[in-house]
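Peer 1: Provided herewith is a single structure, encoded as structure tokens, for subsequent inquiry.
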Amino acid sequence: MMARMKSQEKLTSEQMVRAARVLQAMAHPLRLAIMQELMEDRSLTCSQLQERMGCAQSTLSLQLKVLVDQGLVATCKDGTVKHCSVRNPDFLKLFACLRRHLTEVLR
């Protein structure tokens with residue numbers, strides 16, 4: 001039996017619009033893969049991400065910008081090296097939910 005959502009857990013209309021933007025930012029296979037890699041290793045340089053993703057630097061940069069703009073990924077520079085990390089580790093729960101949905105519902 002599914003648990004009911006409590007009224008204090010409900011999103012406001014404004015929050016729903018913002019949540020939709022966040023989900024749109026994740027709605028790309030490469031961006032999902034970037035998030036997954038960052039959650040596994042906590043922090044990676046752009047060069048490490050590029051190598052793991054097997055894509056061009058320009059492609060990675062474009063996709064990272066979408067994730068950064070929606071607050072999903074944080075970047076910081078250390079000299080000439082840019083480090084990337086997931087801003088909210090709770091997104092692991094979302095990936096677990098997606099995995100469960102794909103294996104149990106959409107078999």
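Convention: chains lettered A, B, ... in structure tokens order; per-chain residue numbering from 1; ligands numbered from 1 as shown.
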Quick one: DSSP helix (DSSP H, G or I) residues in chain A, as a PyMOL selection string?
Peer 2: chain A and resi 7-9+13-26+29-41+46-53+57-69+91-105
Peer 1: As a PyMOL selection string, please: the residues near stretch 80-94 of chain A (cut-off 7 Å, only C-alpha atoms, same-chain neighbours under 5 positions excluded).
Peer 2: chain A and resi 35+38-39+42-46+71-75
Peer 1: Output C-alpha atoms for every residue in the selection just made, as a PDB file, in the first residue's frame.
Peer 2:
```pdb
ATOM      1  CA  MET A  35      25.348  12.863 -12.096  1.00  0.00           C
ATOM      2  CA  LEU A  38      29.771  12.329  -9.539  1.00  0.00           C
ATOM      3  CA  MET A  39      27.635  10.586  -6.923  1.00  0.00           C
ATOM      4  CA  ARG A  42      31.950  12.583  -4.902  1.00  0.00           C
ATOM      5  CA  SER A  43      34.276  14.875  -6.875  1.00  0.00           C
ATOM      6  CA  LEU A  44      35.871  14.599 -10.288  1.00  0.00           C
ATOM      7  CA  THR A  45      37.800  16.994 -12.476  1.00  0.00           C
ATOM      8  CA  CYS A  46      36.350  17.958 -15.837  1.00  0.00           C
ATOM      9  CA  GLY A  71      22.038  23.890  -8.912  1.00  0.00           C
ATOM     10  CA  LEU A  72      22.553  20.153  -9.353  1.00  0.00           C
ATOM     11  CA  VAL A  73      26.335  20.289  -9.756  1.00  0.00           C
ATOM     12  CA  ALA A  74      28.857  22.593  -8.102  1.00  0.00           C
ATOM     13  CA  THR A  75      32.221  23.457  -9.610  1.00  0.00           C
TER      14      THR A  75
END
```
Peer 1: Taking only C-alpha atoms into account, which of A:Lys6, A:Arg100, A:Ser58, A:Gln70 comes nearest A:Ala19?
Peer 2: A:Gln70
Peer 1: At a cut-off of 12 Å, using only C-alpha atoms, what residues contact A:Arg21? Leave out same-chain residues fewer than 5 positions from it and give the result as a list in words.
Peer 2: Glu14, Gln15, Met16, Met26, Ala27, Val66, Leu67, Asp69, Gln70, Gly71 and Leu72 of chain A
Peer 1: Work out how far apart atom CA of A:Phe95 and atom CA of A:Ile34 are and give it in Å to one decimal.
Peer 2: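 Computing the Euclidean distance for atom CA of A:Phe95 and atom CA of A:Ile34 yields 12.4 Å.
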Peer 1: For A:Met53, work out the shell of residues within 10 Å, counting only C-alpha atoms and skipping chain neighbours fewer than 6 positions away, then give it as a list in words.
Peer 2: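 Listed by chain and then number, they are Leu30, Arg31, Ala33, Ile34, Glu37, Ser47, Thr59 and Leu60 of chain A.
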Peer 1: Those selected residues, please, written with C-alpha atoms and delivered as a PDB file, in the first residue's frame.
Peer 2:
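What ended up in selection_24.pdb:
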```pdb
ATOM      1  CA  LEU A  30      24.669  12.180 -20.671  1.00  0.00           C
ATOM      2  CA  ARG A  31      23.589  14.462 -17.846  1.00  0.00           C
ATOM      3  CA  ALA A  33      25.549   9.677 -16.490  1.00  0.00           C
ATOM      4  CA  ILE A  34      27.478  12.730 -15.253  1.00  0.00           C
ATOM      5  CA  GLU A  37      29.602   9.352 -11.877  1.00  0.00           C
ATOM      6  CA  SER A  47      39.148  15.966 -17.488  1.00  0.00           C
ATOM      7  CA  THR A  59      29.880  18.525 -25.225  1.00  0.00           C
ATOM      8  CA  LEU A  60      30.739  17.936 -21.571  1.00  0.00           C
TER       9      LEU A  60
END
```
Peer 1: In Å, with one decimal, what is the gap from atom CA of A:Arg18 to atom CA of A:Gln63?
Peer 2: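 Going from atom CA of A:Arg18 over to atom CA of A:Gln63 covers 18.6 Å.
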Peer 1: What's the separation between atom CA of A:Leu98 and atom CA of A:Leu49, in Å to one decimal place?
Peer 2: 22.2 Å
Peer 1: Measuring atom to atom with only C-alpha atoms, identify which of A:Thr12, A:Gln36, A:Ser7, A:Gln24 is nearest to A:Arg99.
Peer 2: A:Gln36
